[in-house]
file protein_9.pdb (PDB, C-alpha atoms)
ATOM      1  CA  MET E 266       0.099 -19.096  -2.766
ATOM      2  CA  GLN E 267      -3.152 -18.904  -0.838
ATOM      3  CA  GLY E 268      -3.742 -17.674   2.693
ATOM      4  CA  THR E 269      -6.510 -16.953   5.188
ATOM      5  CA  VAL E 270      -7.003 -13.491   6.688
ATOM      6  CA  LEU E 271      -6.633 -13.433  10.464
ATOM      7  CA  ALA E 272      -7.024  -9.679  10.957
ATOM      8  CA  GLY E 273      -6.430  -6.369   9.264
ATOM      9  CA  THR E 274      -6.971  -2.646   9.179
ATOM     10  CA  ASN E 275      -6.835  -0.159   6.319
ATOM     11  CA  ASN E 276      -4.453  -1.629   3.723
ATOM     12  CA  LEU E 277      -2.527  -4.138   5.878
ATOM     13  CA  PHE E 278      -3.732  -7.676   6.609
ATOM     14  CA  THR E 279      -2.298 -10.504   8.671
ATOM     15  CA  VAL E 280      -2.522 -13.572   6.448
ATOM     16  CA  GLU E 281      -1.853 -17.185   7.425
ATOM     17  CA  CYS E 282      -0.355 -18.685   4.272
ATOM     18  CA  ASP E 283      -0.310 -22.226   2.922
ATOM     19  CA  ASP E 284       3.386 -22.628   3.771
ATOM     20  CA  GLU E 285       2.424 -22.169   7.468
ATOM     21  CA  LYS E 286       3.990 -18.707   7.626
ATOM     22  CA  THR E 287       2.025 -15.649   8.705
ATOM     23  CA  ARG E 288       2.690 -12.581   6.588
ATOM     24  CA  LEU E 289       1.713  -8.929   6.758
ATOM     25  CA  CYS E 290       0.199  -8.288   3.336
ATOM     26  CA  SER E 291      -0.813  -5.117   1.533
ATOM     27  CA  ILE E 292      -3.179  -4.772  -1.395
ATOM     28  CA  LYS E 293      -1.399  -4.639  -4.735
ATOM     29  CA  GLY E 294      -2.517  -1.685  -6.840
ATOM     30  CA  LYS E 295      -6.226  -1.510  -7.626
ATOM     31  CA  VAL E 296      -6.832  -5.236  -8.064
ATOM     32  CA  LEU E 297      -9.656  -5.278  -5.471
ATOM     33  CA  LYS E 298     -11.709  -2.459  -6.985
ATOM     34  CA  SER E 299     -15.331  -3.506  -7.397
ATOM     35  CA  ASP E 300     -18.691  -1.990  -8.226
ATOM     36  CA  LYS E 301     -19.507  -1.797  -4.511
ATOM     37  CA  GLU E 302     -17.544   0.280  -2.056
ATOM     38  CA  PHE E 303     -16.857  -1.230   1.360
ATOM     39  CA  TYR E 304     -15.644   0.311   4.604
ATOM     40  CA  ASN E 305     -13.051  -2.476   4.469
ATOM     41  CA  PRO E 306     -12.474  -4.605   1.336
ATOM     42  CA  ILE E 307     -11.226  -7.699   3.198
ATOM     43  CA  ALA E 308     -12.342  -9.346   6.462
ATOM     44  CA  PRO E 309     -11.226 -12.176   8.764
ATOM     45  CA  GLY E 310     -12.014 -15.507   7.160
ATOM     46  CA  ASP E 311     -11.319 -14.304   3.622
ATOM     47  CA  VAL E 312      -9.115 -16.591   1.527
ATOM     48  CA  LEU E 313      -6.635 -14.687  -0.634
ATOM     49  CA  GLU E 314      -4.098 -15.261  -3.339
ATOM     50  CA  VAL E 315      -0.918 -13.647  -2.097
ATOM     51  CA  GLN E 316       2.563 -13.069  -3.456
ATOM     52  CA  PRO E 317       5.376 -13.257  -0.863
ATOM     53  CA  ASP E 318       7.809 -10.344  -0.853
ATOM     54  CA  ALA E 319      11.072 -11.380  -2.510
ATOM     55  CA  MET E 320      13.062  -9.172  -0.147
ATOM     56  CA  ASN E 321      11.235  -9.892   3.115
ATOM     57  CA  ASP E 322       9.547 -13.266   3.641
ATOM     58  CA  GLU E 323       7.426 -11.847   6.484
ATOM     59  CA  LYS E 324       5.580  -9.590   4.053
ATOM     60  CA  GLY E 325       3.527 -10.040   0.909
ATOM     61  CA  GLN E 326       0.988  -8.556  -1.452
ATOM     62  CA  VAL E 327      -2.668  -9.429  -1.945
ATOM     63  CA  LEU E 328      -3.298 -10.369  -5.572
ATOM     64  CA  SER E 329      -6.968 -11.381  -5.362
ATOM     65  CA  ILE E 330      -9.804 -12.574  -3.127
ATOM     66  CA  LEU E 331     -11.006 -16.118  -3.768
ATOM     67  CA  PRO E 332     -14.794 -16.578  -4.199
ATOM     68  CA  ARG E 333     -16.548 -16.336  -0.832
ATOM     69  CA  LYS E 334     -18.998 -18.867   0.558
ATOM     70  CA  ASN E 335     -20.756 -16.014   2.347
ATOM     71  CA  THR E 336     -20.159 -12.657   3.997
ATOM     72  CA  PHE E 337     -21.580 -11.114   7.128
ATOM     73  CA  LEU E 338     -21.729  -7.341   7.155
ATOM     74  CA  ARG E 339     -23.539  -4.321   8.503
ATOM     75  CA  TRP E 340     -24.009  -0.739   7.414
ATOM     76  CA  ASN E 341     -21.304   1.480   8.896
ATOM     77  CA  ALA E 342     -22.949   4.836   9.578
ATOM     78  CA  LYS E 343     -19.634   6.631  10.132
ATOM     79  CA  GLY E 344     -18.135   5.463   6.854
ATOM     80  CA  ARG E 345     -21.492   5.572   5.054
ATOM     81  CA  CYS E 346     -20.881   2.210   3.383
ATOM     82  CA  PRO E 347     -21.146  -1.496   4.261
ATOM     83  CA  GLN E 348     -18.588  -2.964   6.650
ATOM     84  CA  LEU E 349     -17.501  -6.584   6.272
ATOM     85  CA  LEU E 350     -17.302  -8.343   9.654
ATOM     86  CA  ALA E 351     -16.477 -11.931   8.684
ATOM     87  CA  CYS E 352     -16.390 -14.233   5.646
ATOM     88  CA  ASN E 353     -16.795 -17.928   4.788
ATOM     89  CA  LEU E 354     -18.697 -18.840   7.961
ATOM     90  CA  ASP E 355     -20.227 -22.130   9.016
ATOM     91  CA  TYR E 356     -22.249 -20.435  11.781
ATOM     92  CA  LEU E 357     -22.969 -16.889  12.878
ATOM     93  CA  LEU E 358     -23.108 -16.791  16.688
ATOM     94  CA  LEU E 359     -25.425 -14.006  17.852
ATOM     95  CA  VAL E 360     -24.552 -13.417  21.489
ATOM     96  CA  THR E 361     -27.101 -11.831  23.798
ATOM     97  CA  THR E 362     -27.735 -11.741  27.558
ATOM     98  CA  PRO E 363     -30.845 -11.707  29.780
ATOM     99  CA  ASP E 364     -29.299  -8.838  31.752
ATOM    100  CA  GLU E 365     -26.049  -6.864  32.188
ATOM    101  CA  PRO E 366     -26.319  -5.507  29.483
ATOM    102  CA  PRO E 367     -30.108  -5.547  29.076
ATOM    103  CA  PHE E 368     -31.777  -7.985  26.688
ATOM    104  CA  ARG E 369     -32.158  -6.402  23.218
ATOM    105  CA  PRO E 370     -34.343  -8.675  21.064
ATOM    106  CA  ARG E 371     -34.585  -6.210  18.179
ATOM    107  CA  PHE E 372     -30.780  -6.180  17.853
ATOM    108  CA  THR E 373     -30.956  -9.954  17.421
ATOM    109  CA  ASP E 374     -33.902  -9.720  15.008
ATOM    110  CA  ARG E 375     -31.906  -7.305  12.827
ATOM    111  CA  ALA E 376     -28.872  -9.580  12.823
ATOM    112  CA  LEU E 377     -31.090 -12.593  12.040
ATOM    113  CA  ALA E 378     -32.560 -10.749   9.050
ATOM    114  CA  GLN E 379     -29.082  -9.852   7.793
ATOM    115  CA  ALA E 380     -27.960 -13.470   8.215
ATOM    116  CA  GLU E 381     -31.008 -14.679   6.257
ATOM    117  CA  HIS E 382     -30.224 -12.141   3.533
ATOM    118  CA  GLN E 383     -26.606 -13.351   3.332
ATOM    119  CA  GLY E 384     -27.496 -17.049   3.458
ATOM    120  CA  ILE E 385     -25.667 -17.756   6.740
ATOM    121  CA  THR E 386     -26.874 -20.157   9.442
ATOM    122  CA  PRO E 387     -27.305 -18.189  12.696
ATOM    123  CA  VAL E 388     -27.158 -19.570  16.234
ATOM    124  CA  ILE E 389     -28.506 -17.486  19.135
ATOM    125  CA  VAL E 390     -26.250 -17.721  22.185
ATOM    126  CA  CYS E 391     -27.759 -16.403  25.412
ATOM    127  CA  ASN E 392     -24.720 -15.931  27.651
ATOM    128  CA  LYS E 393     -24.888 -15.035  31.370
ATOM    129  CA  TYR E 394     -27.924 -17.270  31.710
ATOM    130  CA  ASP E 395     -26.961 -17.681  35.380
ATOM    131  CA  LEU E 396     -28.411 -14.170  35.887
ATOM    132  CA  ALA E 397     -31.906 -15.618  35.392
ATOM    133  CA  GLU E 398     -31.978 -16.812  39.006
ATOM    134  CA  LYS E 399     -30.862 -13.393  40.267
ATOM    135  CA  MET E 400     -33.513 -11.616  38.182
ATOM    136  CA  GLN E 401     -36.223 -13.791  39.701
ATOM    137  CA  SER E 402     -34.938 -13.341  43.258
ATOM    138  CA  ASP E 403     -34.881  -9.561  42.657
ATOM    139  CA  GLY E 404     -38.592  -9.610  41.868
ATOM    140  CA  ARG E 405     -38.079  -9.441  38.095
ATOM    141  CA  SER E 406     -39.716 -12.770  37.269
ATOM    142  CA  GLU E 407     -42.142 -11.222  34.793
ATOM    143  CA  GLU E 408     -39.261  -9.562  32.930
ATOM    144  CA  PHE E 409     -37.375 -12.840  32.750
ATOM    145  CA  GLU E 410     -40.483 -14.692  31.544
ATOM    146  CA  LYS E 411     -40.727 -12.250  28.624
ATOM    147  CA  ILE E 412     -37.078 -12.936  27.756
ATOM    148  CA  GLU E 413     -37.601 -16.697  27.933
ATOM    149  CA  LYS E 414     -40.704 -16.327  25.738
ATOM    150  CA  ARG E 415     -38.661 -14.513  23.072
ATOM    151  CA  LEU E 416     -35.957 -17.190  23.170
ATOM    152  CA  SER E 417     -38.674 -19.824  22.720
ATOM    153  CA  ILE E 418     -40.166 -17.898  19.789
ATOM    154  CA  TRP E 419     -36.812 -18.034  17.996
ATOM    155  CA  GLU E 420     -36.560 -21.753  18.769
ATOM    156  CA  ASP E 421     -40.054 -22.353  17.367
ATOM    157  CA  LEU E 422     -38.911 -20.651  14.147
ATOM    158  CA  GLY E 423     -36.158 -23.226  13.805
ATOM    159  CA  TYR E 424     -33.243 -21.183  15.118
ATOM    160  CA  LYS E 425     -30.841 -22.984  17.440
ATOM    161  CA  VAL E 426     -30.772 -21.246  20.834
ATOM    162  CA  LEU E 427     -28.115 -22.009  23.449
ATOM    163  CA  ARG E 428     -28.597 -20.921  27.071
ATOM    164  CA  ILE E 429     -25.096 -20.819  28.531
ATOM    165  CA  SER E 430     -22.857 -19.146  31.085
ATOM    166  CA  ALA E 431     -19.152 -18.484  30.748
ATOM    167  CA  LYS E 432     -19.138 -17.816  34.496
ATOM    168  CA  THR E 433     -20.694 -21.075  35.734
ATOM    169  CA  GLY E 434     -19.931 -23.309  32.752
ATOM    170  CA  GLU E 435     -23.617 -24.050  32.086
ATOM    171  CA  GLY E 436     -24.071 -25.226  28.485
ATOM    172  CA  MET E 437     -20.419 -24.700  27.557
ATOM    173  CA  THR E 438     -19.877 -28.350  26.561
ATOM    174  CA  GLN E 439     -22.736 -28.162  24.056
ATOM    175  CA  PHE E 440     -21.342 -24.846  22.792
ATOM    176  CA  ALA E 441     -17.840 -26.300  22.311
ATOM    177  CA  GLU E 442     -19.204 -29.350  20.487
ATOM    178  CA  LEU E 443     -21.094 -27.072  18.084
ATOM    179  CA  LEU E 444     -17.916 -25.145  17.251
ATOM    180  CA  GLU E 445     -15.561 -28.093  16.719
ATOM    181  CA  ASN E 446     -13.908 -28.004  13.266
ATOM    182  CA  LYS E 447     -16.035 -25.036  12.224
ATOM    183  CA  LEU E 448     -15.369 -21.396  11.362
ATOM    184  CA  CYS E 449     -17.805 -19.183  13.278
ATOM    185  CA  ALA E 450     -18.111 -15.495  14.120
ATOM    186  CA  LEU E 451     -19.181 -14.029  17.456
ATOM    187  CA  VAL E 452     -21.417 -10.974  17.013
ATOM    188  CA  GLY E 453     -23.115  -9.004  19.752
ATOM    189  CA  GLN E 454     -23.333  -5.776  21.687
ATOM    190  CA  SER E 455     -20.480  -4.654  23.916
ATOM    191  CA  GLY E 456     -20.555  -6.366  27.307
ATOM    192  CA  VAL E 457     -22.328  -9.602  26.339
ATOM    193  CA  GLY E 458     -19.201 -11.619  27.191
ATOM    194  CA  LYS E 459     -17.716 -12.692  23.855
ATOM    195  CA  SER E 460     -14.145 -12.558  25.163
ATOM    196  CA  SER E 461     -15.140 -14.420  28.339
ATOM    197  CA  LEU E 462     -16.625 -17.212  26.227
ATOM    198  CA  ILE E 463     -13.386 -17.546  24.268
ATOM    199  CA  ASN E 464     -11.342 -17.656  27.469
ATOM    200  CA  VAL E 465     -13.449 -20.574  28.730
ATOM    201  CA  LEU E 466     -13.402 -22.443  25.414
ATOM    202  CA  ASP E 467      -9.595 -22.330  25.299
ATOM    203  CA  ASN E 468      -7.865 -21.736  28.614
ATOM    204  CA  SER E 469      -4.640 -20.801  26.816
ATOM    205  CA  CYS E 470      -6.413 -17.663  25.539
ATOM    206  CA  VAL E 471      -6.312 -14.699  27.863
ATOM    207  CA  LEU E 472      -8.427 -12.049  26.176
ATOM    208  CA  LYS E 473      -9.166  -8.802  27.924
ATOM    209  CA  THR E 474     -12.696  -8.598  29.319
ATOM    210  CA  GLY E 475     -14.521  -5.365  30.080
ATOM    211  CA  SER E 476     -16.854  -4.068  32.745
ATOM    212  CA  LEU E 477     -20.260  -2.498  32.303
ATOM    213  CA  SER E 478     -21.091   1.169  32.635
ATOM    214  CA  LYS E 479     -23.052   1.562  35.886
ATOM    215  CA  LYS E 480     -25.040   4.430  34.400
ATOM    216  CA  TYR E 481     -26.097   2.817  31.124
ATOM    217  CA  GLY E 482     -25.544  -0.909  31.690
ATOM    218  CA  ARG E 483     -23.480  -1.042  28.513
ATOM    219  CA  GLY E 484     -20.136  -2.674  27.898
ATOM    220  CA  SER E 485     -16.948  -1.033  26.699
ATOM    221  CA  HIS E 486     -15.238  -2.033  23.461
ATOM    222  CA  THR E 487     -12.519  -4.492  24.550
ATOM    223  CA  THR E 488     -12.192  -5.883  21.000
ATOM    224  CA  THR E 489     -11.375  -3.016  18.639
ATOM    225  CA  LYS E 490     -11.001  -4.983  15.412
ATOM    226  CA  GLY E 491     -12.137  -8.381  14.192
ATOM    227  CA  SER E 492      -9.680 -11.253  14.388
ATOM    228  CA  LEU E 493      -9.712 -14.953  13.588
ATOM    229  CA  ILE E 494      -8.531 -17.052  16.531
ATOM    230  CA  HIS E 495      -7.527 -20.714  16.358
ATOM    231  CA  LEU E 496      -8.838 -22.432  19.483
ATOM    232  CA  THR E 497      -7.705 -25.653  21.093
ATOM    233  CA  LEU E 498     -10.901 -26.553  22.889
ATOM    234  CA  ASN E 499     -10.641 -27.073  26.628
ATOM    235  CA  GLU E 500     -10.420 -30.823  27.206
ATOM    236  CA  SER E 501     -12.771 -30.518  30.188
ATOM    237  CA  LEU E 502     -15.491 -29.550  27.695
ATOM    238  CA  MET E 503     -14.636 -32.370  25.275
ATOM    239  CA  ASP E 504     -14.898 -35.522  27.432
ATOM    240  CA  GLY E 505     -11.222 -35.220  28.380
ATOM    241  CA  ILE E 506     -10.035 -35.473  24.770
ATOM    242  CA  LYS E 507      -7.123 -33.164  23.993
ATOM    243  CA  GLY E 508      -6.374 -31.335  20.771
ATOM    244  CA  ARG E 509      -9.850 -30.677  19.400
ATOM    245  CA  LYS E 510      -9.929 -27.480  17.341
ATOM    246  CA  ALA E 511     -12.280 -24.658  16.427
ATOM    247  CA  ASN E 512     -11.909 -21.332  14.633
ATOM    248  CA  LEU E 513     -13.648 -18.224  15.917
ATOM    249  CA  ILE E 514     -13.809 -14.708  14.534
ATOM    250  CA  ASP E 515     -14.173 -12.301  17.445
ATOM    251  CA  THR E 516     -15.839  -9.126  16.149
ATOM    252  CA  PRO E 517     -15.872  -5.746  17.909
ATOM    253  CA  GLY E 518     -18.867  -5.043  20.134
ATOM    254  CA  ILE E 519     -21.662  -3.325  18.216
ATOM    255  CA  ARG E 520     -23.991  -0.823  19.880
ATOM    256  CA  ARG E 521     -26.304  -0.373  16.893
ATOM    257  CA  PHE E 522     -26.625  -3.031  14.231
ATOM    258  CA  ILE E 523     -27.783  -1.304  11.027
ATOM    259  CA  LEU E 524     -29.000  -3.472   8.169
ATOM    260  CA  ASP E 525     -27.266  -3.336   4.806
ATOM    261  CA  ASP E 526     -28.925  -3.674   1.399
ATOM    262  CA  ILE E 527     -32.371  -4.546   2.795
ATOM    263  CA  LEU E 528     -35.284  -2.275   1.892
ATOM    264  CA  ALA E 529     -38.250  -1.844   4.243
ATOM    265  CA  GLU E 530     -40.586  -3.329   1.615
ATOM    266  CA  ASP E 531     -38.354  -6.427   1.379
ATOM    267  CA  LEU E 532     -37.737  -7.001   5.098
ATOM    268  CA  ALA E 533     -40.578  -9.530   5.468
ATOM    269  CA  LEU E 534     -38.675 -11.823   3.086
ATOM    270  CA  TYR E 535     -35.995 -12.179   5.785
ATOM    271  CA  PHE E 536     -38.387 -12.871   8.668
ATOM    272  CA  ARG E 537     -38.750 -16.583   8.002
ATOM    273  CA  GLU E 538     -42.286 -16.879   9.385
ATOM    274  CA  MET E 539     -43.477 -13.969   7.219
ATOM    275  CA  GLU E 540     -41.799 -14.957   3.957
ATOM    276  CA  PRO E 541     -44.427 -17.609   2.983
ATOM    277  CA  PHE E 542     -47.169 -14.949   3.093
ATOM    278  CA  VAL E 543     -45.364 -12.305   1.012
ATOM    279  CA  GLY E 544     -47.231 -11.634  -2.242
ATOM    280  CA  LYS E 545     -50.421 -13.352  -1.068
ATOM    281  CA  CYS E 546     -52.137 -10.175   0.158
ATOM    282  CA  ARG E 547     -55.095  -8.642  -1.685
ATOM    283  CA  PHE E 548     -52.779  -5.890  -2.951
ATOM    284  CA  GLY E 549     -49.961  -8.306  -3.732
ATOM    285  CA  MET E 550     -46.414  -7.000  -3.407
ATOM    286  CA  LYS E 551     -47.717  -3.441  -2.897
ATOM    287  CA  CYS E 552     -49.150  -4.314   0.527
ATOM    288  CA  LYS E 553     -47.339  -2.649   3.434
ATOM    289  CA  HIS E 554     -48.780  -5.155   5.950
ATOM    290  CA  ASP E 555     -49.957  -2.322   8.157
ATOM    291  CA  SER E 556     -53.747  -1.905   8.035
ATOM    292  CA  GLU E 557     -54.654  -2.895   4.486
ATOM    293  CA  PRO E 558     -57.731  -5.128   4.028
ATOM    294  CA  GLY E 559     -56.926  -8.637   2.888
ATOM    295  CA  CYS E 560     -53.355  -8.573   4.207
ATOM    296  CA  ALA E 561     -52.115 -12.151   4.517
ATOM    297  CA  ILE E 562     -49.475 -11.250   7.091
ATOM    298  CA  ILE E 563     -51.905  -9.419   9.395
ATOM    299  CA  GLN E 564     -54.263 -12.382   9.089
ATOM    300  CA  ALA E 565     -51.389 -14.728   9.998
ATOM    301  CA  VAL E 566     -50.739 -12.642  13.130
ATOM    302  CA  GLN E 567     -54.425 -12.890  14.072
ATOM    303  CA  ASP E 568     -54.334 -16.650  13.453
ATOM    304  CA  GLY E 569     -51.258 -17.073  15.668
ATOM    305  CA  LYS E 570     -49.007 -18.159  12.787
ATOM    306  CA  ILE E 571     -46.840 -15.068  13.326
ATOM    307  CA  THR E 572     -46.281 -13.894  16.902
ATOM    308  CA  GLN E 573     -47.220 -10.370  17.891
ATOM    309  CA  GLU E 574     -43.687  -9.881  19.274
ATOM    310  CA  ARG E 575     -41.987 -10.609  15.956
ATOM    311  CA  TYR E 576     -44.564  -8.624  13.967
ATOM    312  CA  ASP E 577     -44.009  -5.602  16.229
ATOM    313  CA  SER E 578     -40.241  -6.023  15.881
ATOM    314  CA  TRP E 579     -40.542  -6.238  12.083
ATOM    315  CA  LYS E 580     -42.679  -3.102  12.041
ATOM    316  CA  ARG E 581     -40.220  -1.095  14.149
ATOM    317  CA  ILE E 582     -37.265  -2.207  12.037
ATOM    318  CA  CYS E 583     -39.170  -1.154   8.904
ATOM    319  CA  ASP E 584     -39.630   2.289  10.482
ATOM    320  CA  GLU E 585     -35.913   2.419  11.294
ATOM    321  CA  ILE E 586     -35.000   1.604   7.692
ATOM    322  CA  ARG E 587     -37.376   4.257   6.324
ATOM    323  CA  THR E 588     -36.335   7.013   8.756
ATOM    324  CA  GLY E 589     -32.650   6.098   9.106
ATOM    325  CA  SER E 590     -33.046   6.441  12.875
ATOM    326  CA  TRP E 591     -31.686   3.305  14.576
ATOM    327  CA  THR E 592     -31.801   2.431  18.259
ATOM    328  CA  ASP E 593     -29.816  -0.059  20.353
TER
END
call {"tool": "encode", "arguments": {"input": "protein_9.pdb", "output": "structure tokens"}}
result
Amino acid sequence: MQGTVLAGTNNLFTVECDDEKTRLCSIKGKVLKSDKEFYNPIAPGDVLEVQPDAMNDEKGQVLSILPRKNTFLRWNAKGRCPQLLACNLDYLLLVTTPDEPPFRPRFTDRALAQAEHQGITPVIVCNKYDLAEKMQSDGRSEEFEKIEKRLSIWEDLGYKVLRISAKTGEGMTQFAELLENKLCALVGQSGVGKSSLINVLDNSCVLKTGSLSKKYGRGSHTTTKGSLIHLTLNESLMDGIKGRKANLIDTPGIRRFILDDILAEDLALYFREMEPFVGKCRFGMKCKHDSEPGCAIIQAVQDGKITQERYDSWKRICDEIRTGSWTD
């Protein structure tokens, strides 16, 4: 029979099977060996062919992975191989905050590039948007204006951006409507409020939420492994209608998102405003888009077709890929 992976570690996976039973399944033999080594061969959202255990109906064996619609992954520096985070997604929800923890646009730009590479539709979710008022009252208006400018840049590129607050409820109805009947994954740094968002979306969920480090303004890892959660959306967010469903994969908080399988010379292909200019430089595909004469991308920056903010972000990510030195 077939089943969907809810969670798993090492060689054991919790699989929701077609007969409505949830089984703890192990991988049978070497059936999942492939030409690419992964930190984990299976992720939440994967659909598997499983064989129930004849002696114990609560267990089973994984026979094969069905073809995936898509995968979202990152490079795992500790394991020195790619790590699958979620599979078969309708949307990738990139959660960020204007403050607490600090806004990290390059983290989002990396994740956007990986999503473009994997063919997944990303949605940028700016949680804790209620902090905008506090930032302005604290004399940080200029800082907030820069954040709002970056959110607008992503919107101008065609990315959907939601400004919401799990604390005040701002934008949560729009967020819930987006998720209805979809399979989505929440990805973001520790402390951005992924668990808080889930608790608001479904008030029967009581996920542990963490506090921020006072010294570094970073969150602690309250989610230690990815898991697929079936949500019954809060009726107060759905015009009073009960029973509306959504499926969310809650991924562990990520401090450093490292790109997988993207070379520095190919990165511009995954910045959607740069991609049309790739190959049109005087030196063609050999152009590094740095200071070469006749560079179409540099000209596009000068013409305002590519923003200076995104060009600078692209350039820094290229340097990170080349040096292997990644920042938050």
call {"tool": "axis_aligned_box", "arguments": {"input": "protein_9.pdb", "around": "stretch 463-470 of chain E", "padding_each_side": "6 Å", "output": "AutoDock Vina command-line options"}}
result
--center_x -9.0 --center_y -20.0 --center_z 26.5 --size_x 20.8 --size_y 16.9 --size_z 16.5
call {"tool": "residues_around", "arguments": {"input": "protein_9.pdb", "residues": "E:Gln267", "least_positions_apart": "3", "cutoff": "7 Å", "atoms": "only C-alpha atoms", "output": "list in words"}}
result
Cys282, Asp283, Val312, Leu313, Glu314 and Val315 of chain E
call {"tool": "closest_atom_pairs", "arguments": {"input": "protein_9.pdb", "of": "stretch 308-409 of chain E", "to": "stretch 440-454 of chain E", "cutoff": "7 Å", "atoms": "only C-alpha atoms", "output": "Markdown table"}}
result
| residue | atom | partner | partner_atom | distance |
| --- | --- | --- | --- | --- |
| E:Ala351 | CA | E:Ala450 | CA | 6.7 |
| E:Leu354 | CA | E:Leu448 | CA | 5.4 |
| E:Asp355 | CA | E:Leu448 | CA | 5.4 |
| E:Tyr356 | CA | E:Cys449 | CA | 4.9 |
| E:Leu357 | CA | E:Ala450 | CA | 5.2 |
| E:Leu358 | CA | E:Leu451 | CA | 4.9 |
| E:Leu359 | CA | E:Val452 | CA | 5.1 |
| E:Val360 | CA | E:Gly453 | CA | 5.0 |
| E:Thr361 | CA | E:Gly453 | CA | 6.3 |
call {"tool": "closest_residue", "arguments": {"input": "protein_9.pdb", "among": "E:Gln348, E:Asn499, E:Gln564, E:Thr438", "to": "E:Asn468", "atoms": "only C-alpha atoms"}}
result
E:Asn499
call {"tool": "residues_around", "arguments": {"input": "protein_9.pdb", "residues": "stretch 521-528 of chain E", "least_positions_apart": "6", "cutoff": "10 Å", "atoms": "all atoms listed in the file", "output": "compact mmCIF listing (two decimals) with C-alpha atoms, in the coordinates of the input"}}
result
# COMPACT_ATOMS: atom_id res chain seq x y z
CA PHE E 337 -21.58 -11.11 7.13
CA LEU E 338 -21.73 -7.34 7.16
CA ARG E 339 -23.54 -4.32 8.50
CA TRP E 340 -24.01 -0.74 7.41
CA ASN E 341 -21.30 1.48 8.90
CA ALA E 342 -22.95 4.84 9.58
CA CYS E 346 -20.88 2.21 3.38
CA PRO E 347 -21.15 -1.50 4.26
CA GLN E 348 -18.59 -2.96 6.65
CA ARG E 371 -34.58 -6.21 18.18
CA PHE E 372 -30.78 -6.18 17.85
CA THR E 373 -30.96 -9.95 17.42
CA ASP E 374 -33.90 -9.72 15.01
CA ARG E 375 -31.91 -7.30 12.83
CA ALA E 376 -28.87 -9.58 12.82
CA ALA E 378 -32.56 -10.75 9.05
CA GLN E 379 -29.08 -9.85 7.79
CA HIS E 382 -30.22 -12.14 3.53
CA VAL E 452 -21.42 -10.97 17.01
CA GLY E 453 -23.12 -9.00 19.75
CA GLN E 454 -23.33 -5.78 21.69
CA LEU E 534 -38.67 -11.82 3.09
CA TYR E 535 -35.99 -12.18 5.78
CA ILE E 582 -37.26 -2.21 12.04
CA CYS E 583 -39.17 -1.15 8.90
CA GLU E 585 -35.91 2.42 11.29
CA ILE E 586 -35.00 1.60 7.69
CA ARG E 587 -37.38 4.26 6.32
CA GLY E 589 -32.65 6.10 9.11
CA SER E 590 -33.05 6.44 12.88
CA TRP E 591 -31.69 3.30 14.58
CA THR E 592 -31.80 2.43 18.26
CA ASP E 593 -29.82 -0.06 20.35
call {"tool": "atom_distance", "arguments": {"input": "protein_9.pdb", "atom1": "atom CA of E:Ala565", "atom2": "atom CA of E:Glu538"}}
result
9.4 Å
